[in-house]
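Below is one structure, written out as C-alpha coordinates; comments come after it.
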Amino acid sequence: MAGSPEPAPRGAPSFGAPSPPGGVLIPAADLARVVDRMAHQLIERVASSGSDLGLADLVLIGIPTRGAPLARRLAARVEAFSGTAVDAGTVDITLYRDDLRLRGVRALESTVLPTAGIDGRLVVLVDDVLYSGRSVRAALDALRDLGRPRAVQLAVLVDRGHRELPIRADYVGKNVPTSRSQQVRVHLTEVDGVDEVLVTEGEQL
Amino acid sequence: MKRHLLEAADLDRGDATLVLDTAAQIDTALAGREVKKLPTLRGRTVVNLFYEDSTRTRISFELAAKRLSADVINFSAKGSSVSKGESLKDTALTLEAMGSDAIVVRHSASGAPHRLARWVRGSVVNAGDGTHEHPTQALLDAYTIRRRLGRLEGVRVAIVGDVLHSRVARSNVGLLHTLGAEVTLVAPPTLLPVGVGSWPVSVSYDLDAVLPKSDVVMMLRVQAERMNASFFPSAREYSRRYGLDAPRMAVLADDAIVMHPGPMNRGMEIAAEVADSVRSTIVEQVGNGVSVRMAVLYLLLGGNPTA
(Lines give C-alpha, C1' and ligand atoms only; values in the text may rest on other atoms or scores of the structure.)
Protein backbone atom coordinates (compact mmCIF):
# COMPACT_ATOMS: atom_id res chain seq x y z
CA MET A 1 0.00 0.00 0.00
CA ALA A 2 1.53 3.27 -1.03
CA GLY A 3 0.63 5.61 1.76
CA SER A 4 1.58 8.95 3.11
CA PRO A 5 2.61 9.49 6.71
CA GLU A 6 -0.13 12.00 7.49
CA PRO A 7 -2.64 11.10 10.18
CA ALA A 8 -6.33 10.56 9.57
CA PRO A 9 -8.37 13.78 9.35
CA ARG A 10 -8.52 15.59 12.67
CA GLY A 11 -11.80 15.84 14.50
CA ALA A 12 -12.90 12.38 13.44
CA PRO A 13 -13.82 10.12 16.33
CA SER A 14 -11.30 7.46 17.26
CA PHE A 15 -12.07 3.77 17.26
CA GLY A 16 -12.08 3.74 21.03
CA ALA A 17 -15.40 5.58 21.05
CA PRO A 18 -18.58 3.60 21.62
CA SER A 19 -20.55 2.29 18.67
CA PRO A 20 -23.14 4.71 17.35
CA PRO A 21 -26.78 3.79 17.59
CA GLY A 22 -28.40 2.58 14.39
CA GLY A 23 -29.86 5.11 11.99
CA VAL A 24 -28.77 7.65 9.44
CA LEU A 25 -25.06 8.36 9.77
CA ILE A 26 -24.68 10.80 6.88
CA PRO A 27 -27.83 12.36 5.41
CA ALA A 28 -27.99 13.43 1.77
CA ALA A 29 -27.07 17.07 2.35
CA ASP A 30 -23.97 16.11 4.34
CA LEU A 31 -22.84 13.47 1.88
CA ALA A 32 -22.22 16.06 -0.82
CA ARG A 33 -20.22 18.12 1.68
CA VAL A 34 -18.16 15.09 2.70
CA VAL A 35 -17.33 14.38 -0.95
CA ASP A 36 -16.41 18.05 -1.46
CA ARG A 37 -14.06 17.93 1.51
CA MET A 38 -12.39 14.78 0.20
CA ALA A 39 -11.93 16.47 -3.19
CA HIS A 40 -10.27 19.44 -1.51
CA GLN A 41 -7.99 17.13 0.47
CA LEU A 42 -7.02 15.33 -2.73
CA ILE A 43 -6.13 18.57 -4.47
CA GLU A 44 -4.17 19.82 -1.46
CA ARG A 45 -2.28 16.57 -0.98
CA VAL A 46 -1.35 16.23 -4.64
CA ALA A 47 -0.31 19.88 -4.90
CA SER A 48 1.81 19.78 -1.77
CA SER A 49 3.29 16.35 -2.27
CA GLY A 50 6.53 17.81 -3.60
CA SER A 51 6.73 15.08 -6.23
CA ASP A 52 6.46 15.79 -9.93
CA LEU A 53 3.03 14.16 -10.01
CA GLY A 54 0.34 16.73 -10.63
CA LEU A 55 -3.45 16.66 -10.79
CA ALA A 56 -3.24 15.75 -14.47
CA ASP A 57 -1.58 12.48 -13.40
CA LEU A 58 -4.41 11.68 -11.03
CA VAL A 59 -6.68 8.71 -11.84
CA LEU A 60 -9.61 7.91 -9.58
CA ILE A 61 -10.45 4.21 -9.77
CA GLY A 62 -13.70 3.13 -8.12
CA ILE A 63 -14.29 -0.34 -6.75
CA PRO A 64 -17.78 -1.52 -7.83
CA THR A 65 -20.51 -1.31 -6.94
CA ARG A 66 -20.66 2.00 -5.11
CA GLY A 67 -17.02 2.97 -5.34
CA ALA A 68 -17.55 3.49 -9.08
CA PRO A 69 -20.07 6.38 -8.90
CA LEU A 70 -18.17 7.74 -5.92
CA ALA A 71 -14.98 7.95 -7.99
CA ARG A 72 -16.86 9.77 -10.75
CA ARG A 73 -18.30 12.25 -8.24
CA LEU A 74 -14.89 12.88 -6.70
CA ALA A 75 -13.37 13.40 -10.14
CA ALA A 76 -16.10 15.89 -11.02
CA ARG A 77 -15.58 17.82 -7.76
CA VAL A 78 -11.80 17.87 -8.13
CA GLU A 79 -12.27 19.22 -11.63
CA ALA A 80 -14.78 21.83 -10.44
CA PHE A 81 -12.48 23.07 -7.66
CA SER A 82 -9.15 22.92 -9.48
CA GLY A 83 -10.07 23.42 -13.12
CA THR A 84 -8.02 20.36 -14.07
CA ALA A 85 -9.84 17.47 -15.74
CA VAL A 86 -9.30 14.25 -13.81
CA ASP A 87 -9.68 10.73 -15.19
CA ALA A 88 -11.97 8.25 -13.49
CA GLY A 89 -12.42 4.53 -13.99
CA THR A 90 -13.54 1.33 -12.31
CA VAL A 91 -11.85 -1.95 -11.58
CA ASP A 92 -13.90 -5.05 -10.85
CA ILE A 93 -12.23 -7.13 -8.15
CA THR A 94 -14.54 -10.15 -8.14
CA LEU A 95 -12.05 -12.41 -9.89
CA TYR A 96 -9.35 -11.34 -7.41
CA ARG A 97 -11.32 -11.93 -4.20
CA ASP A 98 -10.04 -14.40 -1.63
CA ASP A 99 -13.52 -15.24 -0.34
CA LEU A 100 -15.10 -16.66 -3.52
CA ARG A 101 -14.99 -20.16 -2.06
CA LEU A 102 -16.67 -18.97 1.12
CA ARG A 103 -19.32 -16.79 -0.41
CA GLY A 104 -19.81 -18.31 -3.85
CA VAL A 105 -19.49 -16.84 -7.28
CA ARG A 106 -21.26 -13.66 -8.22
CA ALA A 107 -21.86 -11.69 -11.39
CA LEU A 108 -18.95 -9.58 -12.55
CA GLU A 109 -19.05 -5.82 -12.87
CA SER A 110 -17.27 -3.72 -15.42
CA THR A 111 -13.64 -2.71 -15.48
CA VAL A 112 -13.13 0.57 -17.30
CA LEU A 113 -9.75 2.25 -17.39
CA PRO A 114 -9.07 5.70 -18.81
CA THR A 115 -7.70 5.54 -22.34
CA ALA A 116 -4.41 7.00 -21.15
CA GLY A 117 -4.03 3.99 -18.84
CA ILE A 118 -2.60 4.01 -15.35
CA ASP A 119 1.11 3.51 -16.02
CA GLY A 120 3.25 6.07 -14.24
CA ARG A 121 0.25 7.88 -12.79
CA LEU A 122 -1.13 8.49 -9.31
CA VAL A 123 -3.99 6.07 -8.81
CA VAL A 124 -6.42 6.72 -6.01
CA LEU A 125 -8.64 3.73 -5.29
CA VAL A 126 -12.12 4.78 -4.22
CA ASP A 127 -14.52 2.64 -2.20
CA ASP A 128 -17.59 3.31 -0.12
CA VAL A 129 -16.76 1.47 3.11
CA LEU A 130 -13.37 0.38 4.41
CA TYR A 131 -13.82 -2.64 6.69
CA SER A 132 -11.56 -5.70 6.66
CA GLY A 133 -9.31 -4.29 3.94
CA ARG A 134 -9.70 -7.40 1.80
CA SER A 135 -11.46 -5.60 -1.04
CA VAL A 136 -8.60 -3.12 -1.17
CA ARG A 137 -6.05 -5.90 -1.23
CA ALA A 138 -7.94 -7.53 -4.12
CA ALA A 139 -8.02 -4.17 -5.91
CA LEU A 140 -4.27 -3.77 -5.43
CA ASP A 141 -3.75 -7.23 -6.93
CA ALA A 142 -5.99 -6.28 -9.87
CA LEU A 143 -4.10 -3.02 -10.40
CA ARG A 144 -0.82 -4.89 -10.58
CA ASP A 145 -2.16 -6.80 -13.57
CA LEU A 146 -3.53 -3.67 -15.22
CA GLY A 147 -0.40 -1.59 -15.24
CA ARG A 148 2.24 0.04 -13.10
CA PRO A 149 1.06 3.21 -11.41
CA ARG A 150 3.67 5.50 -9.93
CA ALA A 151 1.83 5.47 -6.61
CA VAL A 152 -1.46 4.16 -5.25
CA GLN A 153 -3.55 5.79 -2.56
CA LEU A 154 -6.92 4.97 -1.02
CA ALA A 155 -10.00 7.13 -0.51
CA VAL A 156 -13.07 5.83 1.34
CA LEU A 157 -16.33 7.47 2.27
CA VAL A 158 -16.62 5.60 5.57
CA ASP A 159 -13.92 3.88 7.60
CA ARG A 160 -15.64 1.55 10.04
CA GLY A 161 -12.57 -0.12 11.52
CA HIS A 162 -12.00 -3.87 12.11
CA ARG A 163 -9.13 -4.18 9.67
CA GLU A 164 -7.83 -7.69 9.00
CA LEU A 165 -4.91 -6.53 6.88
CA PRO A 166 -2.28 -3.80 7.23
CA ILE A 167 -4.16 -1.32 5.05
CA ARG A 168 -5.00 2.30 5.81
CA ALA A 169 -6.93 4.94 3.89
CA ASP A 170 -5.29 8.18 2.78
CA TYR A 171 -8.57 10.07 2.51
CA VAL A 172 -11.51 9.31 4.78
CA GLY A 173 -14.91 10.92 4.52
CA LYS A 174 -15.96 9.85 7.98
CA ASN A 175 -14.48 7.58 10.61
CA VAL A 176 -17.21 5.55 12.28
CA PRO A 177 -16.49 3.21 15.15
CA THR A 178 -18.77 0.23 14.76
CA SER A 179 -19.26 -3.18 16.24
CA ARG A 180 -18.91 -6.19 13.96
CA SER A 181 -22.59 -6.98 14.39
CA GLN A 182 -23.52 -3.69 12.76
CA GLN A 183 -23.87 -2.99 9.05
CA VAL A 184 -22.78 0.19 7.36
CA ARG A 185 -24.78 0.76 4.18
CA VAL A 186 -23.88 3.47 1.72
CA HIS A 187 -26.66 4.43 -0.67
CA LEU A 188 -25.90 6.59 -3.69
CA THR A 189 -28.46 8.04 -6.09
CA GLU A 190 -26.73 6.46 -9.10
CA VAL A 191 -27.31 2.98 -7.68
CA ASP A 192 -29.99 3.24 -5.01
CA GLY A 193 -31.90 6.38 -5.97
CA VAL A 194 -31.00 8.12 -2.71
CA ASP A 195 -27.89 9.56 -1.05
CA GLU A 196 -27.35 8.44 2.55
CA VAL A 197 -25.19 6.36 4.83
CA LEU A 198 -26.99 4.12 7.29
CA VAL A 199 -25.86 2.08 10.25
CA THR A 200 -28.07 -0.89 10.98
CA GLU A 201 -27.94 -3.70 13.51
CA GLY A 202 -27.85 -7.32 12.42
CA GLU A 203 -26.10 -9.65 10.05
CA GLN A 204 -25.28 -8.89 6.46
CA LEU A 205 -28.37 -8.72 4.27
CA MET B 1 -26.16 -22.72 -11.82
CA LYS B 2 -26.00 -26.48 -11.74
CA ARG B 3 -22.74 -28.17 -10.80
CA HIS B 4 -22.24 -29.65 -14.27
CA LEU B 5 -22.68 -28.31 -17.77
CA LEU B 6 -23.75 -31.34 -19.78
CA GLU B 7 -26.27 -29.95 -22.22
CA ALA B 8 -27.89 -26.70 -23.20
CA ALA B 9 -30.95 -27.62 -21.13
CA ASP B 10 -28.83 -27.33 -17.97
CA LEU B 11 -28.99 -23.57 -18.43
CA ASP B 12 -32.19 -21.64 -17.90
CA ARG B 13 -32.49 -18.20 -19.35
CA GLY B 14 -31.01 -16.55 -16.26
CA ASP B 15 -28.00 -18.87 -16.15
CA ALA B 16 -27.30 -18.53 -19.86
CA THR B 17 -27.50 -14.75 -19.66
CA LEU B 18 -25.20 -14.81 -16.63
CA VAL B 19 -22.61 -16.80 -18.60
CA LEU B 20 -22.80 -14.38 -21.54
CA ASP B 21 -22.63 -11.31 -19.30
CA THR B 22 -19.70 -12.76 -17.36
CA ALA B 23 -17.87 -13.52 -20.61
CA ALA B 24 -18.46 -9.95 -21.78
CA GLN B 25 -17.05 -8.53 -18.54
CA ILE B 26 -14.03 -10.82 -18.75
CA ASP B 27 -13.53 -9.70 -22.34
CA THR B 28 -13.49 -6.01 -21.48
CA ALA B 29 -11.43 -6.58 -18.34
CA LEU B 30 -8.72 -8.42 -20.28
CA ALA B 31 -8.81 -6.29 -23.45
CA GLY B 32 -5.51 -4.55 -24.04
CA ARG B 33 -3.95 -5.92 -20.88
CA GLU B 34 -0.35 -6.93 -20.74
CA VAL B 35 -1.00 -9.70 -18.20
CA LYS B 36 -3.95 -11.69 -19.53
CA LYS B 37 -4.24 -13.71 -16.38
CA LEU B 38 -6.60 -13.72 -13.42
CA PRO B 39 -5.92 -15.43 -10.09
CA THR B 40 -9.48 -16.69 -9.63
CA LEU B 41 -8.97 -20.45 -9.89
CA ARG B 42 -5.54 -20.63 -8.29
CA GLY B 43 -5.03 -24.08 -6.83
CA ARG B 44 -7.86 -25.68 -8.79
CA THR B 45 -7.14 -28.45 -11.25
CA VAL B 46 -8.97 -28.84 -14.55
CA VAL B 47 -8.55 -32.02 -16.55
CA ASN B 48 -9.16 -31.98 -20.29
CA LEU B 49 -10.27 -35.54 -20.97
CA PHE B 50 -10.37 -35.89 -24.73
CA TYR B 51 -11.32 -39.22 -26.28
CA GLU B 52 -11.82 -37.60 -29.66
CA ASP B 53 -9.61 -35.36 -31.73
CA SER B 54 -10.01 -31.65 -31.28
CA THR B 55 -8.00 -28.55 -32.02
CA ARG B 56 -9.95 -25.48 -31.06
CA THR B 57 -12.08 -26.83 -28.24
CA ARG B 58 -9.21 -28.41 -26.33
CA ILE B 59 -6.89 -25.47 -26.78
CA SER B 60 -9.70 -23.07 -25.96
CA PHE B 61 -10.51 -24.86 -22.69
CA GLU B 62 -6.83 -25.12 -21.84
CA LEU B 63 -6.29 -21.43 -22.43
CA ALA B 64 -9.43 -20.51 -20.50
CA ALA B 65 -8.36 -22.54 -17.47
CA LYS B 66 -4.82 -21.19 -17.61
CA ARG B 67 -5.98 -17.58 -17.86
CA LEU B 68 -7.90 -18.21 -14.64
CA SER B 69 -4.72 -19.63 -13.06
CA ALA B 70 -6.03 -23.19 -12.73
CA ASP B 71 -3.66 -26.09 -13.21
CA VAL B 72 -4.47 -27.90 -16.42
CA ILE B 73 -3.88 -31.52 -17.26
CA ASN B 74 -4.41 -32.55 -20.85
CA PHE B 75 -5.38 -36.11 -21.37
CA SER B 76 -5.88 -37.59 -24.77
CA ALA B 77 -6.90 -41.19 -25.26
CA LYS B 78 -3.99 -41.76 -27.59
CA GLY B 79 -0.87 -42.64 -25.66
CA SER B 80 -2.72 -43.27 -22.36
CA SER B 81 -3.85 -46.40 -20.54
CA VAL B 82 -7.05 -46.21 -22.57
CA SER B 83 -5.13 -48.02 -25.29
CA LYS B 84 -4.51 -50.75 -22.69
CA GLY B 85 -8.27 -51.02 -22.20
CA GLU B 86 -8.92 -48.80 -19.17
CA SER B 87 -12.58 -47.82 -18.97
CA LEU B 88 -13.97 -44.29 -18.85
CA LYS B 89 -15.01 -44.79 -15.23
CA ASP B 90 -11.62 -46.00 -14.07
CA THR B 91 -9.87 -43.24 -15.94
CA ALA B 92 -12.15 -40.65 -14.36
CA LEU B 93 -11.74 -42.06 -10.86
CA THR B 94 -7.97 -42.10 -11.33
CA LEU B 95 -7.96 -38.49 -12.37
CA GLU B 96 -10.18 -37.54 -9.46
CA ALA B 97 -7.96 -39.39 -7.01
CA MET B 98 -5.17 -37.13 -8.19
CA GLY B 99 -7.26 -34.14 -7.20
CA SER B 100 -9.05 -32.83 -10.24
CA ASP B 101 -11.79 -30.28 -9.50
CA ALA B 102 -13.34 -30.30 -12.95
CA ILE B 103 -13.30 -32.63 -15.91
CA VAL B 104 -13.82 -31.27 -19.39
CA VAL B 105 -14.76 -34.27 -21.45
CA ARG B 106 -15.08 -34.98 -25.13
CA HIS B 107 -16.18 -38.44 -26.14
CA SER B 108 -17.42 -40.12 -29.28
CA ALA B 109 -20.27 -41.76 -27.35
CA SER B 110 -23.37 -39.64 -26.83
CA GLY B 111 -24.13 -39.45 -23.12
CA ALA B 112 -20.61 -40.23 -21.87
CA PRO B 113 -20.40 -36.95 -19.89
CA HIS B 114 -23.71 -37.75 -18.19
CA ARG B 115 -22.35 -41.08 -16.98
CA LEU B 116 -19.15 -39.40 -15.88
CA ALA B 117 -21.07 -36.81 -13.87
CA ARG B 118 -22.53 -39.57 -11.71
CA TRP B 119 -19.13 -41.05 -10.91
CA VAL B 120 -17.13 -38.02 -9.86
CA ARG B 121 -17.53 -35.37 -7.16
CA GLY B 122 -16.18 -32.46 -9.19
CA SER B 123 -17.83 -30.58 -12.04
CA VAL B 124 -18.15 -32.11 -15.49
CA VAL B 125 -18.24 -29.94 -18.58
CA ASN B 126 -19.34 -31.52 -21.82
CA ALA B 127 -16.96 -30.52 -24.61
CA GLY B 128 -18.86 -32.54 -27.20
CA ASP B 129 -20.31 -36.03 -26.90
CA GLY B 130 -20.98 -38.02 -30.04
CA THR B 131 -23.89 -36.56 -31.97
CA HIS B 132 -25.56 -35.30 -28.80
CA GLU B 133 -24.51 -31.90 -27.39
CA HIS B 134 -21.71 -29.34 -27.28
CA PRO B 135 -23.06 -26.69 -24.91
CA THR B 136 -20.04 -24.36 -24.73
CA GLN B 137 -20.06 -24.09 -28.52
CA ALA B 138 -23.68 -22.98 -28.34
CA LEU B 139 -22.77 -20.46 -25.64
CA LEU B 140 -19.96 -18.97 -27.70
CA ASP B 141 -22.22 -18.86 -30.75
CA ALA B 142 -24.90 -17.04 -28.76
CA TYR B 143 -22.25 -14.70 -27.39
CA THR B 144 -20.97 -13.98 -30.90
CA ILE B 145 -24.50 -13.27 -32.18
CA ARG B 146 -25.21 -10.96 -29.25
CA ARG B 147 -21.98 -9.07 -29.79
CA ARG B 148 -22.54 -8.64 -33.50
CA LEU B 149 -26.28 -7.94 -33.54
CA GLY B 150 -26.72 -6.56 -30.03
CA ARG B 151 -29.55 -8.92 -29.10
CA LEU B 152 -30.75 -12.51 -29.16
CA GLU B 153 -34.47 -12.09 -28.57
CA GLY B 154 -36.28 -12.47 -31.89
CA VAL B 155 -33.08 -13.01 -33.90
CA ARG B 156 -33.78 -15.33 -36.85
CA VAL B 157 -31.13 -18.04 -37.05
CA ALA B 158 -30.86 -20.53 -39.90
CA ILE B 159 -28.86 -23.64 -39.03
CA VAL B 160 -27.87 -25.25 -42.30
CA GLY B 161 -26.50 -28.67 -43.15
CA ASP B 162 -25.83 -31.92 -41.38
CA VAL B 163 -28.19 -31.48 -38.42
CA LEU B 164 -28.46 -35.25 -37.97
CA HIS B 165 -24.87 -35.71 -36.82
CA SER B 166 -24.37 -32.28 -35.32
CA ARG B 167 -24.04 -31.82 -31.59
CA VAL B 168 -23.45 -28.14 -32.32
CA ALA B 169 -26.90 -27.89 -33.91
CA ARG B 170 -28.58 -29.71 -31.01
CA SER B 171 -27.03 -27.47 -28.38
CA ASN B 172 -27.69 -24.35 -30.41
CA VAL B 173 -31.35 -25.20 -30.93
CA GLY B 174 -31.80 -25.64 -27.19
CA LEU B 175 -29.86 -22.60 -26.08
CA LEU B 176 -31.08 -20.21 -28.76
CA HIS B 177 -34.65 -21.20 -27.99
CA THR B 178 -34.02 -20.55 -24.28
CA LEU B 179 -32.66 -17.13 -25.16
CA GLY B 180 -35.61 -16.21 -27.36
CA ALA B 181 -34.17 -16.59 -30.86
CA GLU B 182 -36.15 -18.16 -33.71
CA VAL B 183 -34.38 -21.11 -35.25
CA THR B 184 -34.95 -22.61 -38.69
CA LEU B 185 -33.20 -25.84 -39.62
CA VAL B 186 -32.29 -26.19 -43.28
CA ALA B 187 -31.11 -29.59 -44.47
CA PRO B 188 -31.86 -32.37 -46.89
CA PRO B 189 -34.48 -34.69 -45.35
CA THR B 190 -31.88 -37.43 -44.96
CA LEU B 191 -29.78 -35.25 -42.67
CA LEU B 192 -32.55 -34.29 -40.25
CA PRO B 193 -33.04 -36.38 -37.10
CA VAL B 194 -36.19 -38.42 -36.67
CA GLY B 195 -37.60 -36.48 -33.72
CA VAL B 196 -37.11 -33.05 -35.23
CA GLY B 197 -40.87 -32.44 -35.24
CA SER B 198 -40.79 -32.07 -31.46
CA TRP B 199 -37.95 -29.51 -31.47
CA PRO B 200 -38.81 -25.83 -30.98
CA VAL B 201 -37.79 -24.98 -34.57
CA SER B 202 -39.15 -24.65 -38.06
CA VAL B 203 -37.74 -26.89 -40.77
CA SER B 204 -37.06 -26.15 -44.41
CA TYR B 205 -35.44 -28.05 -47.26
CA ASP B 206 -34.90 -24.91 -49.32
CA LEU B 207 -31.90 -22.77 -48.41
CA ASP B 208 -32.64 -20.07 -51.00
CA ALA B 209 -36.07 -19.44 -49.49
CA VAL B 210 -34.72 -19.11 -45.94
CA LEU B 211 -31.66 -16.93 -46.55
CA PRO B 212 -33.43 -13.57 -47.13
CA LYS B 213 -35.36 -14.03 -43.87
CA SER B 214 -32.31 -14.78 -41.72
CA ASP B 215 -30.21 -12.57 -39.44
CA VAL B 216 -27.74 -15.36 -38.80
CA VAL B 217 -26.72 -18.23 -41.04
CA MET B 218 -24.93 -20.98 -39.19
CA MET B 219 -23.29 -23.46 -41.55
CA LEU B 220 -22.59 -26.93 -40.19
CA ARG B 221 -19.69 -29.09 -41.20
CA VAL B 222 -20.46 -32.09 -43.36
CA GLN B 223 -19.15 -34.77 -41.05
CA ALA B 224 -17.55 -37.22 -43.43
CA GLU B 225 -16.28 -39.32 -40.51
CA ARG B 226 -19.83 -39.98 -39.30
CA MET B 227 -21.24 -40.63 -42.77
CA ASN B 228 -21.58 -44.39 -42.83
CA ALA B 229 -24.41 -44.34 -45.34
CA SER B 230 -25.15 -42.29 -48.42
CA PHE B 231 -27.12 -39.29 -47.18
CA PHE B 232 -26.85 -37.35 -50.41
CA PRO B 233 -26.00 -38.31 -54.00
CA SER B 234 -22.69 -36.46 -54.29
CA ALA B 235 -20.63 -33.80 -52.59
CA ARG B 236 -21.16 -31.61 -55.65
CA GLU B 237 -24.91 -31.85 -55.42
CA TYR B 238 -24.90 -31.17 -51.70
CA SER B 239 -22.75 -28.12 -52.24
CA ARG B 240 -25.04 -26.84 -55.01
CA ARG B 241 -28.19 -27.13 -52.92
CA TYR B 242 -26.98 -26.47 -49.38
CA GLY B 243 -23.58 -24.80 -49.71
CA LEU B 244 -23.23 -21.10 -48.98
CA ASP B 245 -21.48 -19.40 -51.87
CA ALA B 246 -21.07 -15.76 -52.86
CA PRO B 247 -24.32 -15.42 -54.90
CA ARG B 248 -26.31 -16.87 -52.01
CA MET B 249 -24.55 -14.60 -49.52
CA ALA B 250 -25.58 -11.62 -51.66
CA VAL B 251 -29.27 -12.14 -50.86
CA LEU B 252 -28.69 -11.85 -47.11
CA ALA B 253 -29.83 -8.76 -45.20
CA ASP B 254 -27.20 -6.05 -44.83
CA ASP B 255 -26.25 -6.81 -41.22
CA ALA B 256 -26.70 -10.59 -41.38
CA ILE B 257 -23.76 -12.70 -40.27
CA VAL B 258 -22.36 -16.06 -41.35
CA MET B 259 -21.14 -18.49 -38.72
CA HIS B 260 -19.38 -21.84 -38.77
CA PRO B 261 -18.26 -23.85 -35.74
CA GLY B 262 -15.19 -25.15 -37.57
CA PRO B 263 -13.37 -27.05 -38.81
CA MET B 264 -14.60 -25.95 -42.26
CA ASN B 265 -14.73 -27.88 -45.50
CA ARG B 266 -14.03 -24.95 -47.78
CA GLY B 267 -15.79 -25.39 -51.09
CA MET B 268 -18.21 -27.94 -49.61
CA GLU B 269 -20.68 -26.34 -47.19
CA ILE B 270 -19.07 -22.90 -47.37
CA ALA B 271 -17.21 -21.17 -50.18
CA ALA B 272 -13.83 -19.68 -49.40
CA GLU B 273 -14.91 -16.16 -50.33
CA VAL B 274 -17.82 -16.44 -47.89
CA ALA B 275 -15.65 -17.78 -45.08
CA ASP B 276 -13.22 -14.88 -45.55
CA SER B 277 -15.85 -12.16 -45.99
CA VAL B 278 -16.68 -9.42 -43.49
CA ARG B 279 -19.95 -11.16 -42.66
CA SER B 280 -18.08 -14.21 -41.46
CA THR B 281 -17.60 -14.47 -37.69
CA ILE B 282 -15.63 -17.69 -37.88
CA VAL B 283 -12.37 -16.36 -36.45
CA GLU B 284 -14.25 -14.19 -33.95
CA GLN B 285 -16.09 -17.28 -32.70
CA VAL B 286 -12.79 -18.92 -31.81
CA GLY B 287 -11.65 -15.88 -29.84
CA ASN B 288 -14.99 -15.59 -28.08
CA GLY B 289 -14.75 -19.26 -27.16
CA VAL B 290 -11.95 -18.57 -24.69
CA SER B 291 -13.91 -15.84 -22.87
CA VAL B 292 -17.09 -17.92 -22.75
CA ARG B 293 -15.23 -20.95 -21.39
CA MET B 294 -13.53 -18.76 -18.79
CA ALA B 295 -16.98 -17.62 -17.73
CA VAL B 296 -18.22 -21.22 -17.51
CA LEU B 297 -15.21 -22.38 -15.50
CA TYR B 298 -15.47 -19.39 -13.18
CA LEU B 299 -19.17 -19.91 -12.54
CA LEU B 300 -18.82 -23.67 -12.01
CA LEU B 301 -15.60 -23.69 -10.01
CA GLY B 302 -15.14 -20.25 -8.51
CA GLY B 303 -17.52 -20.72 -5.63
CA ASN B 304 -17.86 -23.20 -2.85
CA PRO B 305 -16.57 -26.57 -4.13
CA THR B 306 -18.96 -28.55 -1.92
CA ALA B 307 -22.04 -26.55 -2.83
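Residue numbering restarts at 1 for every chain of the C-alpha coordinates, chains are lettered A, B, ... in their displayed order, and ligands are numbered from 1 as they appear.
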
Give me the residues of chain A that have any atom at most 6 Å from an atom of chain B; for each, the nearest atom pair and the distance in Å, rounded to one decimal. Use only C-alpha atoms, sort by chain and number, and format it as CSV.
residue,atom,partner,partner_atom,distance
A:Leu95,CA,B:Thr40,CA,5.0
A:Tyr96,CA,B:Thr40,CA,5.8
A:Leu100,CA,B:Gly303,CA,5.2
A:Arg101,CA,B:Asn304,CA,4.3
A:Leu102,CA,B:Asn304,CA,5.9
A:Gly104,CA,B:Gly303,CA,3.8
A:Val105,CA,B:Gly303,CA,4.7
A:Leu108,CA,B:Thr22,CA,5.8
A:Ser110,CA,B:Gln25,CA,5.7
A:Thr111,CA,B:Ala29,CA,5.3
A:Asp145,CA,B:Val35,CA,5.6

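When the distance limit is 10 Å and only C-alpha atoms are what count, the residues near Thr90 in chain A, minus those fewer than 6 positions from it on the same chain, are Leu60, Ile61, Gly62, Ile63, Pro64, Thr65, Gly67, Ala68, Pro69, Ala71, Arg72, Glu109, Ser110, Thr111, Val112, Leu113, Pro114, Leu125 and Val126 of chain A.
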
Return as CSV the residues of range 39-135 of chain A lying at most 12 Å from range 173-186 of chain A, together with the closest atom-to-atom pair for each and the distance in Å to one decimal, counting only C-alpha atoms, with rows in chain order and ascending residue number.
residue,atom,partner,partner_atom,distance
A:Ala39,CA,A:Gly173,CA,9.9
A:His40,CA,A:Gly173,CA,11.4
A:Gln41,CA,A:Gly173,CA,10.1
A:Leu42,CA,A:Gly173,CA,11.6
A:Thr65,CA,A:Val186,CA,10.5
A:Arg66,CA,A:Val186,CA,7.7
A:Gly67,CA,A:Val186,CA,9.9
A:Pro69,CA,A:Val186,CA,11.7
A:Leu70,CA,A:Val186,CA,10.5
A:Leu74,CA,A:Gly173,CA,11.4
A:Val126,CA,A:Gly173,CA,11.0
A:Asp127,CA,A:Val186,CA,10.2
A:Asp128,CA,A:Val186,CA,6.6
A:Val129,CA,A:Val184,CA,7.5
A:Leu130,CA,A:Asn175,CA,9.6
A:Tyr131,CA,A:Val184,CA,9.4
A:Ser132,CA,A:Arg180,CA,10.4

Next item on the list: Quote the spacing between CA of Ser202 in chain B and CA of His165 in chain B in Å to one decimal place.
Entry: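 The value is 18.1 Å.
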
Next item on the list: Enumerate, as a ChimeraX atom specification, the complete set of residues in range 13-148 of chain A that a backbone-based DSSP assignment places in strand (DSSP E or B).
Entry: /A:23-26,58-62,87-90,112,122-130

Next item on the list: Quick one: everything within 8 Å of Ala9 in chain B, counting only C-alpha atoms, minus sequence neighbours fewer than 3 positions away in the same chain. Send it as number ranges by chain.
Entry: B: 12, 174-175

Notebook entry, point to check: With only C-alpha atoms as the atoms that count, which of A:Ile26, A:Leu53, A:Val136, A:Ala32 lies nearest to Arg77 in chain A?
Noted result: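 Once distances to Arg77 in chain A are computed over only C-alpha atoms, the minimum belongs to A:Ala32.
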
Per residue of range 103-218 of chain B within 8 Å of range 81-95 of chain B, what are the shortest atom pair and its distance in Å to one decimal, counting only C-alpha atoms, with rows by chain and residue number, as CSV?
residue,atom,partner,partner_atom,distance
B:Leu116,CA,B:Lys89,CA,6.8
B:Trp119,CA,B:Lys89,CA,7.0
B:Val120,CA,B:Leu93,CA,6.8

Atoms to include: N, CA and C atoms. Write the selected residues as a short mmCIF file (atom, residue, chain, number, x, y, z; two decimals), in the first residue's frame.
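Here's the written file result-v8.cif:
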data_model
loop_
_atom_site.label_atom_id
_atom_site.label_comp_id
_atom_site.auth_asym_id
_atom_site.auth_seq_id
_atom_site.Cartn_x
_atom_site.Cartn_y
_atom_site.Cartn_z
N LEU B 116 -20.31 -39.89 -16.63
CA LEU B 116 -19.15 -39.40 -15.88
C LEU B 116 -19.60 -38.55 -14.69
N TRP B 119 -20.23 -40.33 -11.55
CA TRP B 119 -19.13 -41.05 -10.91
C TRP B 119 -18.20 -40.14 -10.13
N VAL B 120 -18.14 -38.87 -10.47
CA VAL B 120 -17.13 -38.02 -9.86
C VAL B 120 -17.79 -36.93 -9.01
#

Next item on the list: Would you please extract all alpha helix (DSSP H) residues from range 3-150 of chain B, as assigned by DSSP on the backbone, and give them as an NGL selection string?
Entry: :B and (13-30 or 56-67 or 88-97 or 112-119 or 135-149)

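Take CA of Val158 in chain A and CA of Gly120 in chain A: the distance between them is 28.1 Å.
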
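If you measure from each of B:Ala235, B:Val201, B:Val186, B:Ala117 to Val173 in chain B using only C-alpha atoms, the closest one turns out to be B:Val201.
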
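Each of B:Ile145, B:Ala102, B:Leu220, B:Met264 was compared to Asn126 in chain B using only C-alpha atoms, and B:Ala102 turns out to be the nearest.
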
Note to self: With distances taken over only C-alpha atoms, which residue among A:Ala28, A:Arg103, A:Gly83, A:Asp141 lies nearest Gly193 in chain A?
What the structure shows: A:Ala28

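Of note, CA of Asn48 in chain B and CA of Arg106 in chain B are spaced 8.2 Å apart.
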